[in-house]
file work_28.cif (mmCIF, C-alpha atoms (C1' of nucleotides))
data_upload
loop_
_atom_site.label_atom_id
_atom_site.label_comp_id
_atom_site.auth_asym_id
_atom_site.auth_seq_id
_atom_site.Cartn_x
_atom_site.Cartn_y
_atom_site.Cartn_z
CA MET R 1 20.50 -1.45 35.57
CA GLU R 2 18.89 -0.91 32.24
CA ILE R 3 16.67 -3.86 32.89
CA LEU R 4 15.27 -2.24 36.02
CA GLU R 5 14.69 0.97 34.18
CA ARG R 6 12.79 -0.87 31.51
CA LYS R 7 10.67 -2.63 34.08
CA GLN R 8 9.66 0.63 35.63
CA ARG R 9 8.17 1.72 32.39
CA SER R 10 4.55 0.80 32.61
CA ARG R 11 2.76 -1.37 30.08
CA GLU R 12 0.89 1.64 28.81
CA GLN R 13 4.09 3.48 28.10
CA THR R 14 5.50 0.59 26.14
CA ARG R 15 2.26 0.29 24.23
CA THR R 16 2.18 3.95 23.26
CA GLY R 17 5.88 3.67 22.49
CA ILE R 18 5.12 1.01 19.91
CA VAL R 19 2.39 3.13 18.32
CA LEU R 20 4.56 6.24 18.38
CA THR R 21 7.54 4.46 16.85
CA ALA R 22 5.44 2.94 14.08
CA LYS R 23 4.11 6.37 13.13
CA GLU R 24 7.60 7.86 13.35
CA ILE R 25 9.11 5.32 10.97
CA ALA R 26 6.13 5.65 8.63
CA ARG R 27 6.52 9.42 8.58
CA ARG R 28 10.25 9.28 7.84
CA GLU R 29 10.50 6.28 5.53
CA GLY R 30 6.95 5.41 4.51
CA TRP R 31 4.68 2.61 5.71
CA GLN R 32 6.45 0.03 3.62
CA ALA R 33 9.53 0.51 5.78
CA VAL R 34 7.64 -0.17 9.01
CA SER R 35 8.52 -3.60 10.35
CA ILE R 36 7.96 -5.25 13.72
CA ARG R 37 11.68 -5.75 14.24
CA LYS R 38 12.45 -2.11 13.49
CA ILE R 39 9.81 -1.01 15.99
CA ALA R 40 11.17 -3.44 18.58
CA ASP R 41 14.72 -2.18 18.06
CA ALA R 42 13.61 1.41 18.53
CA ILE R 43 11.96 0.68 21.88
CA ASP R 44 14.85 -1.57 22.99
CA TYR R 45 12.95 -4.82 22.94
CA SER R 46 13.01 -7.98 20.90
CA ALA R 47 10.40 -8.47 18.21
CA PRO R 48 8.06 -10.92 20.03
CA ILE R 49 7.40 -8.36 22.75
CA VAL R 50 5.38 -6.33 20.28
CA TYR R 51 2.98 -9.28 20.08
CA GLU R 52 2.32 -8.96 23.80
CA TYR R 53 0.61 -5.68 22.98
CA PHE R 54 -0.81 -6.26 19.50
CA ASP R 55 -2.01 -9.60 18.12
CA SER R 56 -0.64 -8.73 14.70
CA LYS R 57 0.75 -5.92 12.60
CA ASP R 58 -2.73 -5.54 11.14
CA VAL R 59 -4.20 -4.85 14.57
CA LEU R 60 -1.49 -2.28 15.27
CA LEU R 61 -2.27 -0.48 12.01
CA ASP R 62 -5.98 -0.65 12.84
CA GLU R 63 -5.31 0.98 16.20
CA ILE R 64 -3.41 3.83 14.56
CA ARG R 65 -6.18 4.22 12.02
CA ASN R 66 -8.89 4.43 14.67
CA GLU R 67 -6.77 6.82 16.67
CA GLY R 68 -6.79 8.97 13.54
CA PHE R 69 -10.56 8.83 13.28
CA ARG R 70 -10.91 9.70 16.97
CA HIS R 71 -8.57 12.67 16.50
CA LEU R 72 -10.65 13.83 13.55
CA ARG R 73 -13.88 13.40 15.48
CA GLN R 74 -12.61 15.51 18.36
CA GLU R 75 -11.61 18.23 15.94
CA TYR R 76 -15.09 18.11 14.37
CA GLU R 77 -16.74 18.31 17.78
CA ARG R 78 -14.60 21.28 18.67
CA ILE R 79 -15.59 23.09 15.50
CA ARG R 80 -19.24 22.31 16.09
CA HIS R 81 -19.02 23.99 19.46
CA VAL R 82 -17.29 27.05 18.07
CA TYR R 83 -19.64 27.80 15.16
CA ARG R 84 -23.42 27.73 14.87
CA ASP R 85 -23.91 28.41 11.17
CA PRO R 86 -24.13 25.10 9.30
CA GLU R 87 -22.26 26.52 6.30
CA LYS R 88 -19.44 27.77 8.48
CA ARG R 89 -19.40 24.48 10.34
CA LEU R 90 -19.08 22.37 7.22
CA PHE R 91 -16.45 24.65 5.74
CA GLU R 92 -14.33 24.64 8.88
CA MET R 93 -14.63 20.89 9.26
CA SER R 94 -13.48 20.47 5.68
CA VAL R 95 -10.48 22.68 6.35
CA GLY R 96 -9.91 20.65 9.51
CA GLN R 97 -9.79 17.47 7.43
CA TRP R 98 -7.30 19.08 5.08
CA GLN R 99 -5.12 20.26 7.94
CA PHE R 100 -5.22 16.85 9.59
CA ALA R 101 -4.09 15.12 6.38
CA ILE R 102 -1.26 17.62 5.89
CA ASP R 103 -0.13 17.51 9.52
CA HIS R 104 -0.33 13.72 9.87
CA PRO R 105 0.09 12.26 6.38
CA GLU R 106 1.22 8.89 7.76
CA ILE R 107 -2.05 8.56 9.71
CA TYR R 108 -4.16 9.66 6.76
CA GLN R 109 -2.35 7.05 4.67
CA VAL R 110 -3.12 4.19 7.03
CA MET R 111 -6.73 5.36 7.39
CA TYR R 112 -7.35 4.89 3.68
CA ASN R 113 -4.62 2.42 2.69
CA LEU R 114 -2.65 4.95 0.69
CA ASP R 115 0.96 4.88 -0.50
CA GLY R 116 1.99 1.44 0.68
CA ALA R 117 0.04 1.51 3.93
CA TYR R 118 -2.05 -1.63 4.03
CA CYS R 119 -4.37 -2.69 6.82
CA THR R 120 -6.64 -5.58 5.84
CA LEU R 121 -9.23 -4.85 8.55
CA PRO R 122 -12.19 -3.21 6.79
CA VAL R 123 -12.21 0.53 7.40
CA CYS R 124 -15.93 0.82 6.69
CA GLU R 125 -16.89 -1.32 9.66
CA SER R 126 -14.95 0.87 12.08
CA SER R 127 -17.30 2.50 14.57
CA GLU R 128 -14.88 5.41 14.88
CA MET R 129 -15.30 6.17 11.22
CA GLU R 130 -19.06 5.88 11.54
CA ALA R 131 -18.96 8.47 14.32
CA VAL R 132 -17.00 10.88 12.13
CA SER R 133 -19.34 10.46 9.20
CA ALA R 134 -22.37 10.87 11.47
CA ILE R 135 -21.23 14.36 12.44
CA ILE R 136 -20.94 15.48 8.84
CA ARG R 137 -24.25 13.89 7.89
CA GLU R 138 -25.92 15.62 10.81
CA ILE R 139 -24.68 18.99 9.61
CA LEU R 140 -25.79 18.28 6.06
CA PHE R 141 -29.22 17.36 7.43
CA SER R 142 -29.36 20.43 9.65
CA PHE R 143 -29.47 22.79 6.72
CA ILE R 144 -31.03 20.53 4.13
CA PRO R 145 -33.52 18.29 5.91
CA LYS R 146 -34.06 15.63 3.31
CA SER R 147 -34.33 11.85 3.22
CA LYS R 148 -31.59 9.63 4.57
CA GLU R 149 -30.65 8.61 1.03
CA SER R 150 -30.26 12.22 -0.07
CA ILE R 151 -28.05 12.98 2.89
CA GLN R 152 -25.99 9.87 2.20
CA LYS R 153 -25.57 11.04 -1.38
CA LEU R 154 -24.51 14.51 -0.31
CA TYR R 155 -22.10 13.04 2.21
CA PHE R 156 -20.63 10.85 -0.51
CA GLU R 157 -20.14 13.91 -2.70
CA TRP R 158 -18.56 15.98 0.05
CA TRP R 159 -16.25 13.17 1.05
CA SER R 160 -15.21 12.49 -2.54
CA LEU R 161 -14.40 16.12 -3.16
CA SER R 162 -12.40 16.50 0.04
CA HIS R 163 -10.62 13.13 -0.10
CA GLY R 164 -9.91 13.45 -3.82
CA MET R 165 -8.34 16.89 -3.46
CA ILE R 166 -6.29 15.82 -0.46
CA THR R 167 -4.86 12.72 -2.13
CA LEU R 168 -4.09 14.55 -5.36
CA ALA R 169 -2.52 17.47 -3.54
CA MET R 170 -0.21 15.05 -1.77
CA MET R 171 0.58 13.32 -5.04
CA LEU R 172 1.42 16.60 -6.78
CA ARG R 173 3.32 17.93 -3.74
CA ASP R 174 6.54 18.31 -5.72
CA HIS R 175 4.91 19.86 -8.78
CA GLN R 176 2.45 22.19 -7.12
CA PRO R 177 3.01 23.86 -3.75
CA LEU R 178 0.62 22.76 -1.02
CA GLU R 179 -0.44 26.36 -0.40
CA GLN R 180 -1.75 26.60 -3.94
CA SER R 181 -3.56 23.27 -3.62
CA GLU R 182 -5.10 24.44 -0.37
CA GLN R 183 -6.33 27.56 -2.11
CA VAL R 184 -8.10 25.44 -4.71
CA TYR R 185 -9.41 23.17 -1.96
CA ARG R 186 -10.96 26.04 -0.02
CA GLU R 187 -12.55 27.48 -3.15
CA SER R 188 -14.02 24.13 -4.15
CA ILE R 189 -15.36 23.39 -0.69
CA ARG R 190 -16.83 26.90 -0.50
CA ARG R 191 -18.53 26.34 -3.84
CA PHE R 192 -19.86 23.00 -2.65
CA VAL R 193 -21.21 24.51 0.55
CA ARG R 194 -22.79 27.41 -1.37
CA GLY R 195 -24.38 24.94 -3.74
CA LEU R 196 -26.23 23.30 -0.88
CA ARG R 197 -28.70 26.12 -0.22
CA MET Z 1 17.60 -15.45 -38.80
CA GLU Z 2 14.22 -17.02 -38.47
CA ILE Z 3 15.36 -18.65 -35.29
CA LEU Z 4 16.10 -15.23 -33.90
CA GLU Z 5 12.64 -14.07 -34.86
CA ARG Z 6 11.10 -17.06 -33.14
CA LYS Z 7 13.17 -16.38 -30.08
CA GLN Z 8 12.12 -12.78 -30.14
CA ARG Z 9 8.47 -13.82 -30.34
CA SER Z 10 8.88 -16.26 -27.50
CA ARG Z 11 10.55 -13.58 -25.45
CA GLU Z 12 7.64 -11.25 -26.06
CA GLN Z 13 5.21 -13.98 -25.07
CA THR Z 14 7.00 -14.68 -21.82
CA ARG Z 15 7.15 -10.97 -21.07
CA THR Z 16 3.45 -10.44 -21.58
CA GLY Z 17 2.87 -13.64 -19.63
CA ILE Z 18 4.62 -12.11 -16.64
CA VAL Z 19 2.57 -8.93 -16.87
CA LEU Z 20 -0.66 -10.87 -17.36
CA THR Z 21 0.02 -13.17 -14.43
CA ALA Z 22 0.89 -10.27 -12.13
CA LYS Z 23 -2.41 -8.58 -12.95
CA GLU Z 24 -4.30 -11.85 -12.54
CA ILE Z 25 -2.94 -12.50 -9.05
CA ALA Z 26 -3.52 -8.87 -8.08
CA ARG Z 27 -7.13 -9.08 -9.25
CA ARG Z 28 -7.83 -12.30 -7.36
CA GLU Z 29 -5.81 -11.81 -4.18
CA GLY Z 30 -4.77 -8.15 -4.13
CA TRP Z 31 -1.41 -6.58 -4.91
CA GLN Z 32 0.04 -7.56 -1.58
CA ALA Z 33 -0.20 -11.19 -2.65
CA VAL Z 34 1.79 -10.61 -5.84
CA SER Z 35 5.30 -12.03 -5.51
CA ILE Z 36 8.01 -12.74 -8.03
CA ARG Z 37 8.06 -16.43 -7.12
CA LYS Z 38 4.30 -16.77 -7.54
CA ILE Z 39 4.51 -15.16 -10.97
CA ALA Z 40 7.40 -17.43 -11.94
CA ASP Z 41 5.50 -20.51 -10.79
CA ALA Z 42 2.48 -19.52 -12.85
CA ILE Z 43 4.50 -19.20 -16.05
CA ASP Z 44 6.50 -22.36 -15.27
CA TYR Z 45 9.82 -20.69 -14.72
CA SER Z 46 12.11 -20.11 -11.79
CA ALA Z 47 12.10 -16.75 -10.07
CA PRO Z 48 15.32 -15.25 -11.50
CA ILE Z 49 13.92 -15.53 -15.03
CA VAL Z 50 11.55 -12.69 -14.25
CA TYR Z 51 14.60 -10.48 -13.78
CA GLU Z 52 15.62 -11.18 -17.38
CA TYR Z 53 12.56 -9.19 -18.37
CA PHE Z 54 12.20 -6.65 -15.56
CA ASP Z 55 15.05 -5.16 -13.55
CA SER Z 56 12.91 -5.18 -10.42
CA LYS Z 57 9.39 -5.65 -9.14
CA ASP Z 58 9.11 -1.88 -9.11
CA VAL Z 59 9.82 -1.70 -12.83
CA LEU Z 60 7.22 -4.40 -13.49
CA LEU Z 61 4.60 -2.45 -11.54
CA ASP Z 62 5.62 0.72 -13.40
CA GLU Z 63 5.08 -1.05 -16.71
CA ILE Z 64 1.60 -2.13 -15.69
CA ARG Z 65 0.84 1.37 -14.48
CA ASN Z 66 1.95 2.96 -17.73
CA GLU Z 67 0.03 0.34 -19.69
CA GLY Z 68 -2.99 1.56 -17.72
CA PHE Z 69 -2.35 5.18 -18.65
CA ARG Z 70 -1.91 4.20 -22.32
CA HIS Z 71 -5.19 2.30 -22.22
CA LEU Z 72 -6.91 5.33 -20.72
CA ARG Z 73 -5.35 7.63 -23.29
CA GLN Z 74 -6.60 5.50 -26.18
CA GLU Z 75 -10.08 5.52 -24.69
CA TYR Z 76 -9.92 9.32 -24.41
CA GLU Z 77 -8.73 9.66 -28.00
CA ARG Z 78 -11.57 7.43 -29.18
CA ILE Z 79 -14.13 9.57 -27.35
CA ARG Z 80 -12.63 12.73 -28.76
CA HIS Z 81 -13.12 11.37 -32.26
CA VAL Z 82 -16.71 10.37 -31.58
CA TYR Z 83 -17.98 13.64 -30.06
CA ARG Z 84 -17.39 17.26 -30.98
CA ASP Z 85 -19.15 19.06 -28.16
CA PRO Z 86 -16.63 19.82 -25.38
CA GLU Z 87 -19.22 19.22 -22.65
CA LYS Z 88 -20.14 15.85 -24.11
CA ARG Z 89 -16.48 15.02 -24.56
CA LEU Z 90 -15.57 15.77 -20.96
CA PHE Z 91 -18.60 13.93 -19.62
CA GLU Z 92 -17.91 10.81 -21.70
CA MET Z 93 -14.23 10.82 -20.77
CA SER Z 94 -15.19 11.02 -17.12
CA VAL Z 95 -17.50 8.07 -17.53
CA GLY Z 96 -14.69 6.33 -19.39
CA GLN Z 97 -12.42 6.84 -16.41
CA TRP Z 98 -15.08 5.42 -14.10
CA GLN Z 99 -15.59 2.40 -16.32
CA PHE Z 100 -11.87 1.78 -16.57
CA ALA Z 101 -11.48 1.81 -12.79
CA ILE Z 102 -14.42 -0.57 -12.34
CA ASP Z 103 -13.32 -2.92 -15.12
CA HIS Z 104 -9.64 -3.00 -14.13
CA PRO Z 105 -9.48 -2.20 -10.42
CA GLU Z 106 -6.07 -3.85 -10.05
CA ILE Z 107 -4.62 -1.51 -12.68
CA TYR Z 108 -6.25 1.54 -11.18
CA GLN Z 109 -4.78 0.52 -7.83
CA VAL Z 110 -1.23 0.30 -9.13
CA MET Z 111 -1.64 3.57 -11.03
CA TYR Z 112 -2.29 5.47 -7.80
CA ASN Z 113 -0.74 3.18 -5.16
CA LEU Z 114 -4.06 2.14 -3.69
CA ASP Z 115 -4.96 -0.80 -1.46
CA GLY Z 116 -1.54 -2.29 -0.93
CA ALA Z 117 -0.25 -1.67 -4.43
CA TYR Z 118 3.04 0.15 -4.07
CA CYS Z 119 5.32 1.29 -6.87
CA THR Z 120 8.06 3.65 -5.73
CA LEU Z 121 8.67 5.14 -9.18
CA PRO Z 122 7.03 8.58 -9.17
CA VAL Z 123 3.75 8.51 -11.07
CA CYS Z 124 3.84 12.25 -11.75
CA GLU Z 125 6.95 12.01 -13.88
CA SER Z 126 5.39 9.42 -16.15
CA SER Z 127 5.06 10.77 -19.68
CA GLU Z 128 2.06 8.50 -20.23
CA MET Z 129 0.24 10.24 -17.43
CA GLU Z 130 1.22 13.61 -18.81
CA ALA Z 131 -0.33 12.61 -22.15
CA VAL Z 132 -3.59 11.64 -20.47
CA SER Z 133 -3.77 14.87 -18.50
CA ALA Z 134 -2.94 16.90 -21.62
CA ILE Z 135 -6.06 15.60 -23.35
CA ILE Z 136 -8.32 16.66 -20.49
CA ARG Z 137 -6.61 20.04 -20.17
CA GLU Z 138 -7.00 20.61 -23.90
CA ILE Z 139 -10.74 20.00 -23.64
CA LEU Z 140 -11.04 22.28 -20.64
CA PHE Z 141 -9.21 24.95 -22.63
CA SER Z 142 -11.33 24.40 -25.71
CA PHE Z 143 -14.44 25.65 -24.04
CA ILE Z 144 -12.91 27.95 -21.44
CA PRO Z 145 -9.83 29.56 -23.04
CA LYS Z 146 -8.13 30.89 -19.95
CA SER Z 147 -4.60 31.05 -18.61
CA LYS Z 148 -2.53 27.93 -18.09
CA GLU Z 149 -2.88 28.28 -14.32
CA SER Z 150 -6.65 28.46 -14.53
CA ILE Z 151 -6.77 25.36 -16.69
CA GLN Z 152 -4.43 23.57 -14.30
CA LYS Z 153 -6.75 24.49 -11.46
CA LEU Z 154 -9.81 23.26 -13.30
CA TYR Z 155 -8.01 20.06 -14.20
CA PHE Z 156 -7.08 19.58 -10.55
CA GLU Z 157 -10.71 20.02 -9.57
CA TRP Z 158 -12.01 17.62 -12.23
CA TRP Z 159 -9.45 15.01 -11.34
CA SER Z 160 -10.13 15.29 -7.61
CA LEU Z 161 -13.84 14.90 -8.12
CA SER Z 162 -13.48 11.91 -10.42
CA HIS Z 163 -10.68 10.19 -8.50
CA GLY Z 164 -12.29 10.85 -5.14
CA MET Z 165 -15.62 9.38 -6.16
CA ILE Z 166 -13.99 6.35 -7.75
CA THR Z 167 -11.86 5.51 -4.72
CA LEU Z 168 -14.72 6.01 -2.29
CA ALA Z 169 -17.13 4.00 -4.42
CA MET Z 170 -14.66 1.13 -4.36
CA MET Z 171 -14.24 1.51 -0.62
CA LEU Z 172 -17.99 1.46 0.00
CA ARG Z 173 -18.53 -1.35 -2.52
CA ASP Z 174 -20.06 -3.64 0.10
CA HIS Z 175 -22.23 -0.97 1.72
CA GLN Z 176 -23.47 0.81 -1.37
CA PRO Z 177 -24.04 -0.85 -4.75
CA LEU Z 178 -21.74 0.35 -7.51
CA GLU Z 179 -24.73 1.25 -9.69
CA GLN Z 180 -25.90 3.76 -7.11
CA SER Z 181 -22.40 5.21 -6.76
CA GLU Z 182 -22.18 5.51 -10.54
CA GLN Z 183 -25.47 7.41 -10.53
CA VAL Z 184 -24.05 9.93 -8.06
CA TYR Z 185 -20.83 10.07 -10.08
CA ARG Z 186 -22.64 10.91 -13.31
CA GLU Z 187 -24.73 13.58 -11.62
CA SER Z 188 -21.70 15.18 -9.99
CA ILE Z 189 -19.68 15.17 -13.18
CA ARG Z 190 -22.64 16.60 -15.08
CA ARG Z 191 -22.96 19.37 -12.53
CA PHE Z 192 -19.22 20.05 -12.78
CA VAL Z 193 -19.39 20.24 -16.57
CA ARG Z 194 -22.45 22.50 -16.44
CA GLY Z 195 -20.67 24.74 -13.99
CA LEU Z 196 -17.90 25.37 -16.50
CA ARG Z 197 -19.90 27.56 -18.87
"C1'" DG M 1 30.86 -35.15 -31.65
"C1'" DG M 2 32.75 -31.21 -29.26
"C1'" DC M 3 32.89 -26.17 -28.28
"C1'" DT M 4 30.58 -22.08 -27.26
"C1'" DA M 5 27.04 -19.22 -25.86
"C1'" DA M 6 22.47 -18.63 -24.35
"C1'" DT M 7 19.16 -20.14 -21.09
"C1'" DA M 8 17.51 -21.75 -16.86
"C1'" DT M 9 18.09 -23.47 -12.18
"C1'" DT M 10 19.81 -23.89 -7.49
"C1'" DA M 11 21.59 -21.70 -3.50
"C1'" DA M 12 22.27 -18.00 -0.98
"C1'" DC M 13 21.57 -13.30 1.48
"C1'" DA M 14 19.13 -10.17 4.05
"C1'" DC M 15 14.89 -9.15 4.98
"C1'" DT M 16 9.54 -9.84 6.49
"C1'" DG M 17 5.50 -11.48 10.04
"C1'" DT M 18 4.85 -14.75 13.45
"C1'" DT M 19 5.32 -18.56 16.94
"C1'" DA M 20 7.52 -22.04 20.04
"C1'" DA M 21 10.98 -23.01 23.02
"C1'" DC M 22 14.18 -21.47 26.06
"C1'" DT M 23 16.57 -18.55 29.53
"C1'" DT M 24 16.68 -15.31 33.20
"C1'" DG M 25 15.75 -12.92 37.26
"C1'" DC M 26 12.53 -11.99 40.95
"C1'" DC M 27 9.30 -13.12 44.83
"C1'" DG M 28 7.26 -15.77 48.31
"C1'" DA M 29 7.20 -20.23 50.92
"C1'" DT M 30 9.49 -23.64 53.33
"C1'" DA W 1 19.17 -19.84 52.90
"C1'" DT W 2 17.31 -22.58 49.44
"C1'" DC W 3 13.89 -24.06 46.46
"C1'" DG W 4 9.77 -23.61 43.37
"C1'" DG W 5 7.12 -21.15 40.43
"C1'" DC W 6 6.10 -17.35 37.67
"C1'" DA W 7 6.54 -13.70 34.68
"C1'" DA W 8 9.43 -11.15 31.37
"C1'" DG W 9 12.28 -11.29 27.71
"C1'" DT W 10 15.23 -13.64 24.60
"C1'" DT W 11 16.81 -16.75 20.93
"C1'" DA W 12 15.73 -19.77 17.24
"C1'" DA W 13 12.94 -21.20 13.94
"C1'" DC W 14 9.45 -21.33 9.91
"C1'" DA W 15 7.70 -19.87 5.73
"C1'" DG W 16 7.73 -16.32 2.88
"C1'" DT W 17 9.71 -11.85 0.41
"C1'" DG W 18 13.01 -9.31 -3.36
"C1'" DT W 19 17.30 -10.04 -5.42
"C1'" DT W 20 21.87 -11.85 -7.02
"C1'" DA W 21 25.89 -15.05 -7.83
"C1'" DA W 22 27.29 -19.40 -9.01
"C1'" DT W 23 26.07 -23.40 -11.24
"C1'" DA W 24 23.85 -26.57 -14.44
"C1'" DT W 25 21.60 -27.53 -18.75
"C1'" DT W 26 20.54 -27.02 -23.40
"C1'" DA W 27 20.88 -25.38 -28.11
"C1'" DG W 28 23.27 -24.05 -32.28
"C1'" DC W 29 27.35 -24.07 -35.14
"C1'" DC W 30 31.80 -25.86 -37.00
#
call {"tool": "encode", "arguments": {"input": "work_28.cif", "output": "structure tokens"}}
result
Amino acid sequence: MEILERKQRSREQTRTGIVLTAKEIARREGWQAVSIRKIADAIDYSAPIVYEYFDSKDVLLDEIRNEGFRHLRQEYERIRHVYRDPEKRLFEMSVGQWQFAIDHPEIYQVMYNLDGAYCTLPVCESSEMEAVSAIIREILFSFIPKSKESIQKLYFEWWSLSHGMITLAMMLRDHQPLEQSEQVYRESIRRFVRGLR
Amino acid sequence: MEILERKQRSREQTRTGIVLTAKEIARREGWQAVSIRKIADAIDYSAPIVYEYFDSKDVLLDEIRNEGFRHLRQEYERIRHVYRDPEKRLFEMSVGQWQFAIDHPEIYQVMYNLDGAYCTLPVCESSEMEAVSAIIREILFSFIPKSKESIQKLYFEWWSLSHGMITLAMMLRDHQPLEQSEQVYRESIRRFVRGLR
DNA sequence: GGCTAATATTAACACTGTTAACTTGCCGAT
DNA sequence: ATCGGCAAGTTAACAGTGTTAATATTAGCC
């Protein structure tokens, strides 16, 4: 019986199935094409079942977004353990951010409400995002011990540079190969890091 | 004959009314709240009338986007006529871009598909956008006459910096006053311009 | 006034997020 | 063995979306 099979699937599996399917559709057709019914169809359930796991579409998007921030944080932590030089650390983390955005564009989109992705929950009040930013700010402080405001300013500049280049590279994807954009990205980040000392 | 003229004028008025109303709703409630029926209600018409003026919602958004690029281009042209020094020109145009985004956030959003605004027509193939980018590239060339690829790279860097800082400033609006973000923006742009010589 | 052509409206279709009401099948108690 | 209750899952519905076809209204011209 299919019904029995379905029952054997644990709640957790269904839950991750929902998240996985949402990302899959977003990747293939864009976030605007992601609907509760389409997700439900893909996991062989009716639409209301999705609401047993997520109070609303917004909450589902928020989960995916925070998952993205957690992923990014783990990558940052990994890099911090591999390198000791602050300059190398910041550079590698920047490259890590680039790679993450290229590898998981649909997640990057929902993290910053890009290209039709729209989650109304405020991204800035996410603790996951705070954790990510804290790592970068700590590195910035570690090789330029200045006031909190100065660090915040530097962080703002680093983030702008990285985020700006990533979004524009994705926008120009068809006009300019990603490899070339990455080249420019690495040069710019390197210049930024050099400029810190 | 005169009747035709009057009709023509009335048509134009209705058309601009549609555009104006769309921007108004977007400004107040965000682009996700903009619907054809809401626009029609506001201009005292039924929904299908909107389709007499725009083939689809997408085309309407595209019009508003291109209007934005035209506005920006005019501002750039004005600045070019006021200043002769390339450094001053580039700096003032950057500030102009900042001011435009702050003054008309709903237009900036639809220009780059930000915050729920979503126009499927490719922004990169817009001739209006090409015109805007041509002005900046010309300035970059005027004080660093290098190869086309080099200029393209510099333009990419300038755009990333400017666009990145604008989007992040808007994101952090509630956590960091816009005046402070503008300060950082001006400093960063100044540094970028200095770095060109 | 009556005919035509433009103009505007209503109704409909296939979607969307979301919720209430209903059905179904299973498990333990009598 | 039958009944009750409970949980799981479904259908149906609501209000809203973009969009289009069929209908109604209005205006101008002979």
call {"tool": "resolve_selection", "arguments": {"input": "work_28.cif", "expression": "the PyMOL selection byres ((chain R) within 10 of (chain W))", "output": "MDAnalysis selection string"}}
result
chainID R and resid 7 45:49
call {"tool": "write_last_selection", "arguments": {"input": "work_28.cif", "atoms": "C-alpha atoms", "output": "PDB file, keeping the file's coordinate frame"}}
result
ATOM      1  CA  LYS R   7      10.670  -2.630  34.080  1.00  0.00           C
ATOM      2  CA  TYR R  45      12.950  -4.820  22.940  1.00  0.00           C
ATOM      3  CA  SER R  46      13.010  -7.980  20.900  1.00  0.00           C
ATOM      4  CA  ALA R  47      10.400  -8.470  18.210  1.00  0.00           C
ATOM      5  CA  PRO R  48       8.060 -10.920  20.030  1.00  0.00           C
ATOM      6  CA  ILE R  49       7.400  -8.360  22.750  1.00  0.00           C
TER       7      ILE R  49
END
call {"tool": "resolve_selection", "arguments": {"input": "work_28.cif", "expression": "the PyMOL selection byres ((chain M) within 9 of (chain R))", "output": "MDAnalysis selection string"}}
result
chainID M and resid 16:19
call {"tool": "residues_around", "arguments": {"input": "work_28.cif", "residues": "Z:Trp159", "least_positions_apart": "5", "cutoff": "10 Å", "atoms": "only C-alpha atoms (C1' of nucleotides)", "output": "count of residues only"}}
result
11
call {"tool": "interface_residues", "arguments": {"input": "work_28.cif", "of": "chain Z", "to": "chain R", "cutoff": "6 Å", "atoms": "only C-alpha atoms", "output": "PyMOL selection string"}}
result
chain Z and resi 113-116+118+160-161+163-165
call {"tool": "residues_around", "arguments": {"input": "work_28.cif", "residues": "Z:Arg65", "least_positions_apart": "4", "cutoff": "8 Å", "atoms": "all atoms listed in the file", "output": "ChimeraX atom specification"}}
result
/Z:61,69,107-108,110-111
call {"tool": "residues_around", "arguments": {"input": "work_28.cif", "residues": "R:Pro145", "least_positions_apart": "6", "cutoff": "12 Å", "atoms": "only C-alpha atoms (C1' of nucleotides)", "output": "list in words"}}
result
Arg137, Glu138, Ile139, Ile151, Gln152, Leu154, Leu196 and Arg197 of chain R
call {"tool": "write_last_selection", "arguments": {"input": "work_28.cif", "atoms": "C-alpha atoms", "output": "PDB file, in the coordinates of the input"}}
result
ATOM      1  CA  ARG R 137     -24.250  13.890   7.890  1.00  0.00           C
ATOM      2  CA  GLU R 138     -25.920  15.620  10.810  1.00  0.00           C
ATOM      3  CA  ILE R 139     -24.680  18.990   9.610  1.00  0.00           C
ATOM      4  CA  ILE R 151     -28.050  12.980   2.890  1.00  0.00           C
ATOM      5  CA  GLN R 152     -25.990   9.870   2.200  1.00  0.00           C
ATOM      6  CA  LEU R 154     -24.510  14.510  -0.310  1.00  0.00           C
ATOM      7  CA  LEU R 196     -26.230  23.300  -0.880  1.00  0.00           C
ATOM      8  CA  ARG R 197     -28.700  26.120  -0.220  1.00  0.00           C
TER       9      ARG R 197
END
call {"tool": "axis_aligned_box", "arguments": {"input": "work_28.cif", "around": "stretch 15-25 of chain M", "padding_each_side": "5 Å", "output": "lines of an AutoDock Vina configuration file"}}
result
center_x = 10.8
center_y = -16.1
center_z = 21.1
size_x = 21.8
size_y = 23.9
size_z = 42.3
call {"tool": "resolve_selection", "arguments": {"input": "work_28.cif", "expression": "the PyMOL selection byres ((chain Z and resi 67) around 12)", "output": "number ranges by chain"}}
result
Z: 16, 19-20, 23, 60-66, 68-74, 104, 107-108, 110-111, 126-129, 132
call {"tool": "atom_distance", "arguments": {"input": "work_28.cif", "atom1": "atom CA of R:Lys38", "atom2": "atom CA of R:Ile25"}}
result
8.5 Å
call {"tool": "atom_distance", "arguments": {"input": "work_28.cif", "atom1": "atom CA of R:Arg27", "atom2": "atom CA of R:Ile102"}}
result
11.6 Å
call {"tool": "atom_distance", "arguments": {"input": "work_28.cif", "atom1": "atom CA of Z:Phe100", "atom2": "atom CA of Z:Glu179"}}
result
14.6 Å
call {"tool": "decode", "arguments": {"input": "work_28.cif", "residues": "stretch 162-171 of chain R", "atoms": "C-alpha atoms", "output": "short mmCIF file (atom, residue, chain, number, x, y, z; two decimals), in the first residue's frame"}}
result
data_model
loop_
_atom_site.label_atom_id
_atom_site.label_comp_id
_atom_site.auth_asym_id
_atom_site.auth_seq_id
_atom_site.Cartn_x
_atom_site.Cartn_y
_atom_site.Cartn_z
CA SER R 162 31.16 41.13 -2.11
CA HIS R 163 27.36 41.22 -2.37
CA GLY R 164 27.43 43.81 -5.15
CA MET R 165 29.84 41.81 -7.28
CA ILE R 166 27.93 38.59 -6.72
CA THR R 167 24.55 40.04 -7.68
CA LEU R 168 25.94 41.80 -10.74
CA ALA R 169 27.86 38.73 -11.85
CA MET R 170 24.64 36.76 -11.72
CA MET R 171 22.82 39.48 -13.60
#
